[in-house]
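A.B. asks: Take this structure first; my questions come after.
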Number of protein chains: 2
Amino acid sequence: MRDVARAAGVSQAAISYAFSRPEKLSAPQRERILQIADELGYAGPHSVGRTLRTGQVGALGLMVTDSLPYAFDDPATAALLRGIAEVGEVSETALTLLPCPLESERLTRNSGVLLRGLVDGFLAYALPEGHPAVETVLRRRLPVVVIDGPNPGGLPWVGIEDREAARSAAAHLLALGHRSVGVLVDRLVPDGCSGPVAPARQRAARDRVMRERLAGYAAAFRAAGLPWEEVTVIEAGGFHEAASLAAAGALLETGPLTAVLAGTDVLALAAMRTAGSRGLRVPEDLSVIGFDDLPGAAGAQLTTVRQPLVEKGRRATQLLLDVIAGAEPEEILLPTELVVRATTARPGHG
Amino acid sequence: MRDVARAAGVSQAAISYAFSRPEKLSAPQRERILQIADELGYAGPHSVGRTLRTGQVGALGLMVTDSLPYAFDDPATAALLRGIAEVGEVSETALTLLPCPLESERLTRNSGVLLRGLVDGFLAYALPEGHPAVETVLRRRLPVVVIDGPNPGGLPWVGIEDREAARSAAAHLLALGHRSVGVLVDRLVPDGCSGPVAPARQRAARDRVMRERLAGYAAAFRAAGLPWEEVTVIEAGGFHEAASLAAAGALLETGPLTAVLAGTDVLALAAMRTAGSRGLRVPEDLSVIGFDDLPGAAGAQLTTVRQPLVEKGRRATQLLLDVIAGAEPEEILLPTELVVRATTARPGHG
DNA sequence: CTGAAAGCGCTTACAG
DNA sequence: CTGAAAGCGCTTACAG
């Protein structure tokens, strides 16, 4: 920049103005400067200098618990990302993806992505309870919006009433007359465990979403006078299709069931596939209900709870932008809706 | 930082060392400084300052043609992202997504994501020919690796032999005896057009991948002594399922076909669905061949050309990291393979 | 083992 | 309409 200023015989400020404040310079002067800059191979202000000076980066960071590769695999995350990206694009903000594995060394003091990823604020997506990343970010007093995660600190938050929505799903099954119901959840604690879940583990779940949904299921059972403790809950231990299919298989092994209550659509779809491969018809032999209403759910005629995933991404991003601009923190609760399609029916229907 | 130095009664350098160069300080001194920093709410060096000083950001930028929302929708892009994310994670590098719409005002001189997104280098994914974003980046002398895109400038590049791979797909169909073949492509020029594609538009395609694949198809037809000019090519005009289904529908309308040559698996899968809804059996009544071998292709028993998408992301990211570190530019050509499954058979099979 | 000083590239309030 | 100067937060070569 100084070289350009020298070559043009003007001050450094003039160069800055030529690029960033056209109105501060006469048109011919500006043209001349731009021309000279071009000849010298100067393509405009370097963003790091500008950032240091203005304090504005122009990028938002998305913290995801699991590895990035997973984030691109999960349809629910993909839908959320779409919403985030929409708002980001409109506001000309870049999106930086920050993987925040729970046990990461990267979150320590000074090294690591979290501190190097230069962003104006963070979106913390579904981080498990007590995740150090959020703490680190708060310590730096960086703006953060929590999506779906636990929020003991009263941070800006966007999510849904997972408990109540899940309750309605279970109540739907119970109202149809199902009494032999099995439950599928993806991951309660990121500790690599999978298989049947004891009540203690249900309550100790560090994933707020799954914990709340389980609590909702339990509430529906209790309201119907049924012993929730006797219901089999199988944890997939992960989000991938393979884990989902294994969990569905394990659940169907446990005995004759008339219905599967799946904590996510991914699990519900896996349950349908597993049922199909065992010769069980849905819903004649087995009812299946999911959660999320992913794009694929309608095609599969899946009864599920709809939550506005894309909208969740949009609202969270807008809220973060607002908070960065100085707005008050807010808690945004999005609506959900039970969508009854063709995978649930009365038991013994077949 | 200065405040901490003052409070601790040491120089600013000591604070820097305490966080970034532990070996430069005695352990007790370091402890004391860290302690004081903590009390003062100083959480370690701010990354922008460090970046300005060291010139290293710790983030890579991925330029995608279309809107970010789309990027999260397309399975092929998702696979690529997975590979990129894997390498990025290992190298503790954050990934910044930079949407680069072709007609964007944002790419002009000084404003915009491209310049504000603070990154050490760029991955340019499938940008159409003559995209201004690449030019802008090169002007700034920022390291860039081109994935799948055109590469007149001899930049570091990662991709596959699209033409030869596509030729093998067409040759497979032709060898089976198909003579009534229709072709599906996603988008040749980002101009909103869809429908039948004239030869001129085929050659003028700005998307290198589709242009090469079409050239490969044409080569196979010519090698078999068949007039490529008479083959119907339908352009979806986009990548979404709706566009794909519409294109497949339009193709099947054009007359009795024995086979569909789809430029991507997404299109092939759409063709299969469309065929199914019209009562056509695959492969008895209609053969379908795709390209990519997406995760969903195996489940659908789709015959297709496999390309290592995840590996492509990995290699490109590693190459970019190497180039940033000063390595020589390189062109990496990944292998492809025709995977014959159950959607192709001899015509008249049914 | 520690400190003083320069400088990374920019923007902006202020003076002319 | 233009210019001189300060300072954003850091790191590092150098001197002590």
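A note on labels: chains of the structure tokens are A, B, ... as shown, every chain counts residues from 1, and ligands are counted from 1 in their shown order.
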Stretch 174-189 of chain A: which residues within 6 Å, counting only C-alpha atoms (C1' of nucleotides), same-chain residues fewer than 3 positions away excluded, as a ChimeraX atom specification?
C.D. replies: /A:171,205-207,232-239,257-263,346-347
A.B. asks: Go ahead and dump the residues you just picked, N, CA and C atoms, as a short mmCIF file (atom, residue, chain, number, x, y, z; two decimals), in the first residue's frame.
C.D. replies:
```
data_model
loop_
_atom_site.label_atom_id
_atom_site.label_comp_id
_atom_site.auth_asym_id
_atom_site.auth_seq_id
_atom_site.Cartn_x
_atom_site.Cartn_y
_atom_site.Cartn_z
N ALA A 171 -47.21 -40.13 22.46
CA ALA A 171 -48.64 -40.15 22.75
C ALA A 171 -49.44 -40.63 21.54
N ALA A 205 -27.63 -38.30 30.18
CA ALA A 205 -27.27 -37.96 28.80
C ALA A 205 -26.71 -36.55 28.73
N ARG A 206 -25.60 -36.43 28.03
CA ARG A 206 -24.99 -35.11 27.91
C ARG A 206 -25.50 -34.38 26.68
N ASP A 207 -26.16 -35.12 25.83
CA ASP A 207 -26.74 -34.49 24.66
C ASP A 207 -28.14 -34.01 25.05
N THR A 232 -37.65 -50.86 26.35
CA THR A 232 -36.28 -51.02 25.85
C THR A 232 -35.86 -49.80 25.03
N VAL A 233 -34.73 -49.23 25.42
CA VAL A 233 -34.16 -48.11 24.68
C VAL A 233 -32.79 -48.55 24.16
N ILE A 234 -32.61 -48.47 22.85
CA ILE A 234 -31.33 -48.86 22.27
C ILE A 234 -30.61 -47.61 21.75
N GLU A 235 -29.35 -47.51 22.11
CA GLU A 235 -28.52 -46.37 21.67
C GLU A 235 -27.63 -46.81 20.51
N ALA A 236 -27.67 -46.02 19.45
CA ALA A 236 -26.85 -46.37 18.28
C ALA A 236 -25.37 -46.05 18.53
N GLY A 237 -25.14 -45.06 19.36
CA GLY A 237 -23.76 -44.71 19.67
C GLY A 237 -23.13 -43.81 18.61
N GLY A 238 -23.90 -43.49 17.58
CA GLY A 238 -23.38 -42.64 16.52
C GLY A 238 -24.51 -42.23 15.61
N PHE A 239 -24.18 -41.60 14.51
CA PHE A 239 -25.21 -41.06 13.64
C PHE A 239 -25.21 -41.69 12.27
N LEU A 257 -42.36 -56.53 18.92
CA LEU A 257 -42.72 -55.13 19.13
C LEU A 257 -43.84 -54.79 18.15
N THR A 258 -44.69 -53.86 18.56
CA THR A 258 -45.68 -53.38 17.58
C THR A 258 -45.33 -52.00 17.06
N ALA A 259 -44.41 -51.36 17.74
CA ALA A 259 -44.05 -50.01 17.28
C ALA A 259 -42.64 -49.62 17.68
N VAL A 260 -42.02 -48.77 16.85
CA VAL A 260 -40.70 -48.21 17.15
C VAL A 260 -40.82 -46.69 17.24
N LEU A 261 -40.30 -46.18 18.34
CA LEU A 261 -40.29 -44.75 18.61
C LEU A 261 -38.84 -44.33 18.37
N ALA A 262 -38.61 -43.65 17.25
CA ALA A 262 -37.23 -43.31 16.90
C ALA A 262 -36.94 -41.84 17.20
N GLY A 263 -35.82 -41.62 17.83
CA GLY A 263 -35.45 -40.27 18.25
C GLY A 263 -35.09 -39.33 17.11
N ARG A 346 -52.88 -48.74 13.88
CA ARG A 346 -53.20 -49.48 15.10
C ARG A 346 -52.46 -50.82 15.09
N PRO A 347 -52.08 -51.30 16.26
CA PRO A 347 -51.38 -52.59 16.30
C PRO A 347 -52.32 -53.71 15.88
#
```
A.B. asks: If we count only C-alpha atoms (C1' of nucleotides), which residues of chain D reach to within 8 Å of chain A? Please list them as a count of residues only.
C.D. replies: 5
A.B. asks: Can you list, as a list of chain:residue names, every protein, DNA or RNA residue that comes within 12 Å of C:DC14 when you count only C-alpha atoms (C1' of nucleotides), leaving out same-chain residues fewer than 3 positions away?
C.D. replies: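 Residues meeting the cut-off are D:DG3, D:DA4, D:DA5, D:DA6.
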A.B. asks: Going by DSSP on the backbone, which bits of stretch 236-294 of chain A are helix (DSSP H, G or I)? Write them as an MDAnalysis selection string, please.
C.D. replies: chainID A and resid 241:253 265:277
A.B. asks: Residues at most 6 Å from B:Thr344, counting only C-alpha atoms (C1' of nucleotides), excluding those fewer than 4 positions away in the same chain, as an MDAnalysis selection string?
C.D. replies: chainID B and resid 283 287:288
A.B. asks: Please write the residues from the selection above to a file, keeping N, CA and C atoms, as a short mmCIF file (atom, residue, chain, number, x, y, z; two decimals), in the first residue's frame.
C.D. replies:
```
data_model
loop_
_atom_site.label_atom_id
_atom_site.label_comp_id
_atom_site.auth_asym_id
_atom_site.auth_seq_id
_atom_site.Cartn_x
_atom_site.Cartn_y
_atom_site.Cartn_z
N PRO B 283 -33.31 -53.10 -15.36
CA PRO B 283 -32.87 -52.74 -16.71
C PRO B 283 -33.69 -53.39 -17.83
N SER B 287 -32.10 -49.33 -19.61
CA SER B 287 -30.82 -49.37 -18.91
C SER B 287 -30.48 -47.95 -18.45
N VAL B 288 -29.85 -47.85 -17.30
CA VAL B 288 -29.44 -46.54 -16.79
C VAL B 288 -28.01 -46.65 -16.28
#
```
